[in-house]
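In what follows, a single structure is set out as structure tokens and then discussed.
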Amino acid sequence: MRSEQARPIEINLNLRLTAVLWCAFILTFLVGARPALADPLEGTLDVQSGFVNVVNGVYNLHVRVRYPVNEETRVSLQEGMSLSYDVDLEITRARRFWTSASVVTLSLQRELSYHSVSERYVVRDPLGVNEQKSFSTLEAALSDLGQIDAWPILVASQVVNPGDYTIRVRAIVRRGRLTDALRALMFWSDDWQRKSEWYSWSLPR
Amino acid sequence: MVPATLSRHRTALWVAFWALLVFGALTALFFSAQNSAQFGKWQPWILLASAVAIVILLGLLLRKVTQLVRAYRAGAPGSRLTTRTVLVFGALVAMPLLSVYVFSLEFLNRGIDSWFRVEIRQGLNDAVVLSRSALDLRMREQLGRTEQFARRLATLPSTGAMLSAMDEELRRSDASEYVLYGEFERIIGATSDSVSDSLPERPSAELLRQIADGRGYVSLEPTSDDGYVIRTAAALPLAAAGSDGARFVVVTHQLPRQFAELTDAVQRSFSQYGDLAALREPLKYSFSLTLTMVLLVTLLGAIYGAIYSAEVLFKPVQDLMAGTRAVAKGDFATRVPLSSRDEMGFLVQSFNDMTKRLRRAREETERSREAVERERERLAIILARLSTGVITIDRELRLQRANAAAGAILGVDLAAALGKSLTDIEPANSLIRQFVADLQSNLLAGRDEWREQLELKPTGVTGSVKVLAVASVSLPQTEDGAPSFVIVFDDVTRLLEVQREAAWGEVARRLAHEIKNPLTPIQLSAERLRRKLLPSLSGQDAEMVERSTHTIVQQVESMKQMVNDFSEYARAPAMRLENVDLNELIEEVAELYRAQAGSIDISLQLDAGLEPVDGDRSRLRQVLNNLLTNACEALENVPEGRVLVTTSSVETGGVPQLLLCVTDNGPGFPPELLSRVFDPYVTSKPRGTGLGLAIVRKIVEDHGGMIDAENRTPAGAQVRVMLPISDKSRREQA
């Protein structure tokens with residue numbers, strides 16, 4: 001009688017153990033089967049400084065970003081891969097007794113590629129038409145990408161009480177010239193993507 | 001039915017929801033794989049939904065499998081069939097799915113690898129090198145010209161001459177722009193073939209460094225309009241330093257359109273290939289992952305669907321099995337829910353109809369059984385109340401059933417003898433022994449049905465003869481095929497006695513009428529003859545007449561007495577009932593007999609607390625007279641004759657009665673007459689009419705009493721009379 005009572009518990013435990021093992025196996029398969037690659041964007045990625053000034057009633061943003069430089073990036077670029085160097089900007093206005101309101105959300109997109117025939121690094125605005133510069137070295141190109149000056153972000157008339165406004169900026173490096181479908185397809189497998197911490201400050205009163 | 005319908009609808013909704021979700025996710029995945037930007041934006045969510053669907057599906061599947069395994073191990077109805085179906089269905093789905101999956105994975109890997117073959121990469125590299133070589137030659141030519149032009153500028157005396165030389169050179173050469181820089185990269189002068197008023201580009205740091213190093217600078221720079229410029233720079237020799245501080249000249253050449261397009265084509269191919277090559281491994285992984293997810297969703301969904309379908313399919317079978325088990329256990333109220341209108345539904349409907357009919361049949365049987373039981377109880381009550389004895393026996397005389405009257409008639413406890421053979425019941429009882437012997441003789445003779453009158457004689461000196469009217473009928477054979485018989489018998493002793501009494505009454509009346517009337521004339525005639533003839537005769541004649549007439553008169557008197565006795569026996573005068581103290585009457589009558597009896601000892605043992613009886617005093621006196629006369633006459637030749645008269649109170653059948661016993665120590669009744677001592681004209685005495693005890697019994701029975709007689713051991717006889725006590729006394733007792 002005792003053994004008959006204990007049997008269902010044993011079955012239950014075995015089944016649960018089997019279920020857990022199966023789940024673990026599937027998760028391991030899904031996640032663990034991912035190719036083990038070195039971080040190609042190793043190095044410092046941060047927003048070093050940022051400020052705004054008002055010129056002719058327009059708030060202009062000045063940002064300095066330090067992008068990572070390493071040999072893998074250089075090799076990948078020289079093998080034809082392109083990289084996107086985006087800068088995201090958000091301006092919010094603090095509200096009393098409520099969450100902050102989003103005032104402006106902007107994104108500055110640049111693309112860096114290596115022109116193998118001319119052996120030059122080309123920086124271009126993928127959305128612009130004539131915005132293109134070329135550099136003989138990667139460092140020069142990244143230095144140029146890291147210097148953003150006079151980016152008009154806000155009209156002064158939009159600002160009521162400047163002290164309530166917060167600006168925050170972050171830099172993003174990712175694989176460039178990739179369709180959304182492909183980018184999504186590599187949802188779990190794309191190592192060419194890094195985001196910096198948000199760099200934020202308030203508008204001067 | 002309502003909850004089952006709701007449950008089915010809920011399940012169908014859930015299945016439809018999940019099927020829609022999974023189908024939507026798979027469709028979205030398919031379109032996204034077709035490189036659609038629209039679906040690409042949704043793809044993270046689609047992937048998430050698919051992953052969630054897989055996890056939920058996996059949970060549901062595990063739950064189902066767990067339930068299935070438990071049911072299989074517990075041997076639940078239909079579990080083995082369900083398991084087998086799921087295994088077969090799962091295998092049928094899994095094998096082609098896995099084959100397609102493995103083939104697709106291999107195809108994908110090989111296909112993607114084929115895109116990035118080494119030959120393609122080498123060809124593109126070669127094209128780049130070739131392009132670069134062709135352009136290098138052109139660039140070196142341009143640099144040489146620029147250096148030559150810089151040396152010529154250095155020979156010119158003034159800045160104006162330099163600018164004029166630059167204009168002239170612009171017109172003469174294929175260059176698009178000439179810019180002359182001085183100290184600190186100050187533009188001294190520039191000439192261009194374009195009409196733009198914008199300033200020339202600031203020289204790059206590399207250009208400045210190379211000029212500072214005294215080397216010439218040349219670069220091929222792509223432009224925004226998909227063109228190329230060859231930018232060359234050369235420092236002016238030191239001799240010209242005095243000429244307004246001019247330091248170097250930068251010349252820009254537009255690459256010819258044909259060269260530019262070819263170069264751009266090579267570069268675009270190289271870049272696109274580079275981009276794709278960088279996606280090689282991630283693409284393989286992503287496609288494999290997508291394919292695996294599709295496989296998992298499909299496989300899990302198929303197995304879950306197989307389990308669900310099997311459950312739905314075999315649910316009626318399980319219900320039917322459970323219903324069959326319930327019916328086998330006798331539960332005919334079981335109803336199997338009707339889940340569909342197909343063949344299975346027809347089967348379920350038929351099962352329900354069958355159980356309904358079975359239930360009705362059982363109810364009918366139950367009602368019949370109850371009716372039979374009621375009839376049996378009624379019959380048992382009737383049999384129990386019946387004064388006729390009824391027993392059923394088999395051929396081996398085993399008693400199967402007997403009513404109380406049967407035991408009372410035969411004087412044995414038949415209720416305790418059920419199942420026993422009649423031959424084993426109280427062998428000492430002569431009545432049952434004779435009764436059984438008669439049954440045996442009839443059965444051995446092969447008579448199943450007979451009717452006869454059976455006289456059971458007591459053995460020894462005690463008891464009285466019983467006459468039974470016995471009838472036997474064979475019963476329908478029982479389940480075991482053994483024949484049985486019902487024996488019906490009635491004690492007709494009393495009935496016969498009554499019939500005899502009635503006959504004797506009729507005889508008495510006829511005697512009284514036919515004989516008594518002629519006796520008086522005979523007596524008168526004899527007396528007249530005596531009176532007339534006797535005085536005239538003498539001697540022997542007178543003596544003869546005297547003797548003859550005397551004899552005639554005496555015999556006539558005797559006959560009169562006899563006729564009177566018969567009349568007394570036959571007539572039934574109306575009784576004058578009163579409360580009679582029997583003890584007092586007994587003492588009175590006994591006193592008279594003590595005086596006449598001589599040596600006979602007449603003793604009394606009377607119950608002092610005896611209740612009076614309702615009776616006719618004179619007739620009860622006659623009862624005592626007759627009994628004492630009988631007793632005294634029986635003791636005539638007995639040396640120490642004793643007569644004992646006792647009274648006592650007894651209860652018979654809950655009715656209080658008075659018992660009168662007259663016992664003597666005489667020779668007793670002859671055994672052959674014992675059963676008929678109360679019949680008229682039955683007597684063992686040489687003289688007497690034999691009507692004394694017959695009259696006694698008639699009077700006792702007229703008073704509602706009973707009488708019997710038996711011989712005593714070692715000698716003597718006893719007559720017992722039971723009379724009911726008076727109603728008044730009975731009411732007072734109550």
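In the structure tokens, chains take letters A, B, ... by order of appearance, with residues numbered from 1 within each chain and ligands from 1 in the order shown.
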
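Residues in contact range of Ile112 of chain B, defined as at most 9 Å between only C-alpha atoms, with sequence neighbours fewer than 2 positions away removed, read Phe107, Leu108, Asn109, Arg110, Ser114, Trp115, Phe116, Arg280, Glu281, Leu283 and Lys284 of chain B.
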
_Close residues, Ser136 of chain A itself excluded, 7 Å, only C-alpha atoms, min 4 positions apart in chain, as a list in words_ = Glu119, Arg120 and Tyr121 of chain A

*Compile the contact shell of segment 104-109 of chain A as number ranges by chain: residues with an atom at most 10 Å away, counting only C-alpha atoms, same-chain residues fewer than 4 positions apart removed.*
A: 84-93, 124-128, 148, 151, 153-154, 167-172

Okay, now the selection with C-alpha atoms, as a compact mmCIF listing (two decimals), in the first residue's frame?
# COMPACT_ATOMS: atom_id res chain seq x y z
CA SER A 84 26.73 53.37 -39.25
CA TYR A 85 27.63 56.00 -36.65
CA ASP A 86 24.40 57.42 -35.28
CA VAL A 87 23.87 60.02 -32.61
CA ASP A 88 20.47 59.99 -30.86
CA LEU A 89 19.17 63.10 -29.21
CA GLU A 90 16.22 63.51 -26.89
CA ILE A 91 14.99 66.72 -25.32
CA THR A 92 12.41 66.38 -22.56
CA ARG A 93 10.58 68.90 -20.46
CA ARG A 124 28.63 60.23 -45.81
CA ASP A 125 25.17 61.08 -44.74
CA PRO A 126 22.98 58.21 -45.98
CA LEU A 127 20.00 60.52 -46.13
CA GLY A 128 21.79 63.57 -47.57
CA ILE A 148 29.55 67.31 -34.21
CA TRP A 151 23.63 70.77 -35.02
CA ILE A 153 18.10 71.06 -32.55
CA LEU A 154 15.58 73.53 -31.21
CA ILE A 167 19.04 67.14 -23.22
CA ARG A 168 20.50 63.73 -23.54
CA VAL A 169 22.71 62.29 -26.21
CA ARG A 170 24.06 58.87 -26.98
CA ALA A 171 26.14 57.35 -29.77
CA ILE A 172 25.38 54.16 -31.60

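Using only C-alpha atoms for every distance, the candidate list B:Arg697, B:Lys64, B:Arg172, B:Arg676 yields B:Lys64 as the residue closest to chain A.
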
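Taking segment 115-170 of chain A and asking which residues DSSP calls strand (DSSP E) on the backbone, you get His115, Arg120, Tyr121, Val122, Val123, Arg124, Gln132, Lys133, Ser134, Phe135, Gln147, Ile148, Asp149, Ala150, Trp151, Pro152, Ile153, Leu154, Val155, Tyr165, Thr166, Ile167, Arg168, Val169 and Arg170 of chain A.
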
File of the preceding selection, N, CA and C atoms, as a compact mmCIF listing (two decimals), in the first residue's frame:
# COMPACT_ATOMS: atom_id res chain seq x y z
N HIS A 115 36.82 53.07 -49.16
CA HIS A 115 36.85 53.06 -50.62
C HIS A 115 38.14 52.37 -51.04
N ARG A 120 40.62 55.17 -49.34
CA ARG A 120 40.24 56.25 -48.44
C ARG A 120 38.97 55.85 -47.66
N TYR A 121 38.85 56.40 -46.47
CA TYR A 121 37.67 56.17 -45.64
C TYR A 121 36.67 57.27 -45.95
N VAL A 122 35.49 56.85 -46.33
CA VAL A 122 34.48 57.81 -46.78
C VAL A 122 33.40 57.92 -45.71
N VAL A 123 33.13 59.15 -45.33
CA VAL A 123 32.05 59.41 -44.38
C VAL A 123 30.94 60.13 -45.15
N ARG A 124 29.73 59.58 -45.06
CA ARG A 124 28.63 60.23 -45.81
C ARG A 124 27.34 60.16 -45.00
N GLN A 132 29.44 64.28 -48.15
CA GLN A 132 30.41 63.18 -48.19
C GLN A 132 31.81 63.73 -48.00
N LYS A 133 32.55 63.04 -47.15
CA LYS A 133 33.95 63.42 -46.95
C LYS A 133 34.78 62.16 -46.96
N SER A 134 36.06 62.30 -47.36
CA SER A 134 36.93 61.13 -47.37
C SER A 134 38.22 61.44 -46.62
N PHE A 135 38.72 60.39 -46.01
CA PHE A 135 39.92 60.54 -45.19
C PHE A 135 40.88 59.41 -45.54
N GLN A 147 33.24 64.68 -34.02
CA GLN A 147 33.10 66.12 -33.81
C GLN A 147 31.81 66.59 -34.48
N ILE A 148 30.83 66.84 -33.68
CA ILE A 148 29.55 67.31 -34.21
C ILE A 148 29.39 68.74 -33.73
N ASP A 149 29.31 69.64 -34.64
CA ASP A 149 29.24 71.06 -34.28
C ASP A 149 28.03 71.68 -34.94
N ALA A 150 27.44 72.57 -34.17
CA ALA A 150 26.34 73.41 -34.69
C ALA A 150 25.22 72.58 -35.32
N TRP A 151 24.78 71.58 -34.54
CA TRP A 151 23.63 70.77 -35.02
C TRP A 151 22.37 71.45 -34.50
N PRO A 152 21.62 72.09 -35.38
CA PRO A 152 20.42 72.82 -34.91
C PRO A 152 19.36 71.83 -34.39
N ILE A 153 19.01 72.05 -33.15
CA ILE A 153 18.10 71.06 -32.55
C ILE A 153 16.79 71.65 -32.07
N LEU A 154 16.78 72.97 -31.83
CA LEU A 154 15.58 73.53 -31.21
C LEU A 154 15.50 75.01 -31.54
N VAL A 155 14.30 75.49 -31.72
CA VAL A 155 14.09 76.91 -31.93
C VAL A 155 13.81 77.53 -30.56
N TYR A 165 14.24 71.93 -19.17
CA TYR A 165 14.54 71.07 -20.33
C TYR A 165 15.81 70.27 -20.09
N THR A 166 15.75 69.04 -20.44
CA THR A 166 16.91 68.16 -20.31
C THR A 166 17.26 67.61 -21.69
N ILE A 167 18.57 67.68 -21.96
CA ILE A 167 19.04 67.14 -23.22
C ILE A 167 19.85 65.90 -22.91
N ARG A 168 19.64 64.89 -23.70
CA ARG A 168 20.50 63.73 -23.54
C ARG A 168 20.87 63.16 -24.91
N VAL A 169 22.12 62.70 -24.94
CA VAL A 169 22.71 62.29 -26.21
C VAL A 169 23.38 60.94 -26.01
N ARG A 170 23.30 60.12 -27.01
CA ARG A 170 24.06 58.87 -26.98
C ARG A 170 24.51 58.54 -28.40

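Restricting the calculation to only C-alpha atoms, the smallest distance between chain A and any of B:Glu201, B:Glu311, B:Glu701, B:Glu377 is found for B:Glu201.
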
For Glu197 of chain A: contacts at 7 Å, only C-alpha atoms, fewer than 2 positions along chain excluded, given as a JSON list (two decimals) with N, CA and C atoms, in the first residue's frame:
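Final file, result.json:
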[["chain", "number", "residue", "atom", "x", "y", "z"],
["A", 46, "ASP", "N", 31.93, 56.50, -25.99],
["A", 46, "ASP", "CA", 31.20, 57.36, -25.05],
["A", 46, "ASP", "C", 31.08, 58.77, -25.62],
["A", 170, "ARG", "N", 23.30, 60.12, -27.01],
["A", 170, "ARG", "CA", 24.06, 58.87, -26.98],
["A", 170, "ARG", "C", 24.51, 58.54, -28.40],
["A", 195, "LYS", "N", 25.94, 50.62, -28.13],
["A", 195, "LYS", "CA", 25.33, 51.91, -27.77],
["A", 195, "LYS", "C", 26.08, 52.46, -26.58],
["A", 199, "TYR", "N", 24.32, 60.71, -22.35],
["A", 199, "TYR", "CA", 25.02, 61.88, -21.77],
["A", 199, "TYR", "C", 23.96, 62.98, -21.70]]

*Near-segment 145-153 of chain B list (7 Å; only C-alpha atoms; drop same-chain fewer than 3 positions) as a PyMOL selection string*: chain B and resi 141-142+156+162+232-237+249+251

Written file, previous selection with N, CA and C atoms, as a compact mmCIF listing (two decimals), in the first residue's frame:
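The result, stored in part14.txt:
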# COMPACT_ATOMS: atom_id res chain seq x y z
N GLU B 141 50.98 60.70 -63.19
CA GLU B 141 51.14 61.66 -64.29
C GLU B 141 50.68 63.04 -63.85
N GLN B 142 49.53 63.01 -63.18
CA GLN B 142 48.98 64.29 -62.73
C GLN B 142 49.91 64.93 -61.70
N LEU B 156 58.35 82.46 -61.76
CA LEU B 156 57.63 83.68 -62.13
C LEU B 156 57.91 84.76 -61.10
N MET B 162 51.87 84.50 -61.47
CA MET B 162 51.51 83.11 -61.08
C MET B 162 50.05 82.83 -61.37
N THR B 232 46.07 66.74 -56.48
CA THR B 232 47.55 66.71 -56.40
C THR B 232 48.01 68.02 -55.78
N ALA B 233 49.14 67.95 -55.11
CA ALA B 233 49.71 69.16 -54.49
C ALA B 233 51.23 69.07 -54.58
N ALA B 234 51.80 70.22 -54.81
CA ALA B 234 53.29 70.25 -54.89
C ALA B 234 53.78 71.58 -54.32
N ALA B 235 54.87 71.49 -53.61
CA ALA B 235 55.43 72.71 -52.99
C ALA B 235 56.26 73.49 -54.02
N LEU B 236 56.21 74.81 -53.88
CA LEU B 236 57.03 75.65 -54.76
C LEU B 236 58.46 75.61 -54.23
N PRO B 237 59.41 75.55 -55.12
CA PRO B 237 60.82 75.58 -54.64
C PRO B 237 61.08 76.83 -53.81
N VAL B 249 50.96 74.54 -54.37
CA VAL B 249 49.82 74.65 -55.27
C VAL B 249 49.05 73.31 -55.22
N VAL B 251 46.17 71.11 -57.19
CA VAL B 251 45.46 70.99 -58.47
C VAL B 251 44.43 69.84 -58.36

*Within 12 Å of Gly176 of chain A using only C-alpha atoms, minus same-chain residues under 5 positions, as number ranges by chain*: A: 76-77, 80-86, 109-113, 123-126, 182-183, 190, 192-193; B: 271-272, 274-276, 278-279

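Every protein, DNA or RNA residue with an atom at most 8 Å from Gly690 of chain B, where only C-alpha atoms count and chain neighbours fewer than 6 positions away do not, is listed here: Asp679, Pro680, Tyr681, Val682 and Thr683 of chain B.
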
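Of note, atom CA of Ala471 of chain B and atom CA of Val486 of chain B are spaced 8.3 Å apart.
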
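For the atom pair formed by atom CA of Ala328 of chain B and atom CA of Arg359 of chain B, the distance is 12.4 Å, given to one decimal.
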
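Atom CA of Arg70 of chain B sits 27.0 Å away from atom CA of Ala19 of chain B.
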
*From segment 128-266 of chain B, collect each residue whose DSSP state is alpha helix (DSSP H) and return the set as number ranges by chain.*
B: 128-155, 159-172, 205-212, 257-266
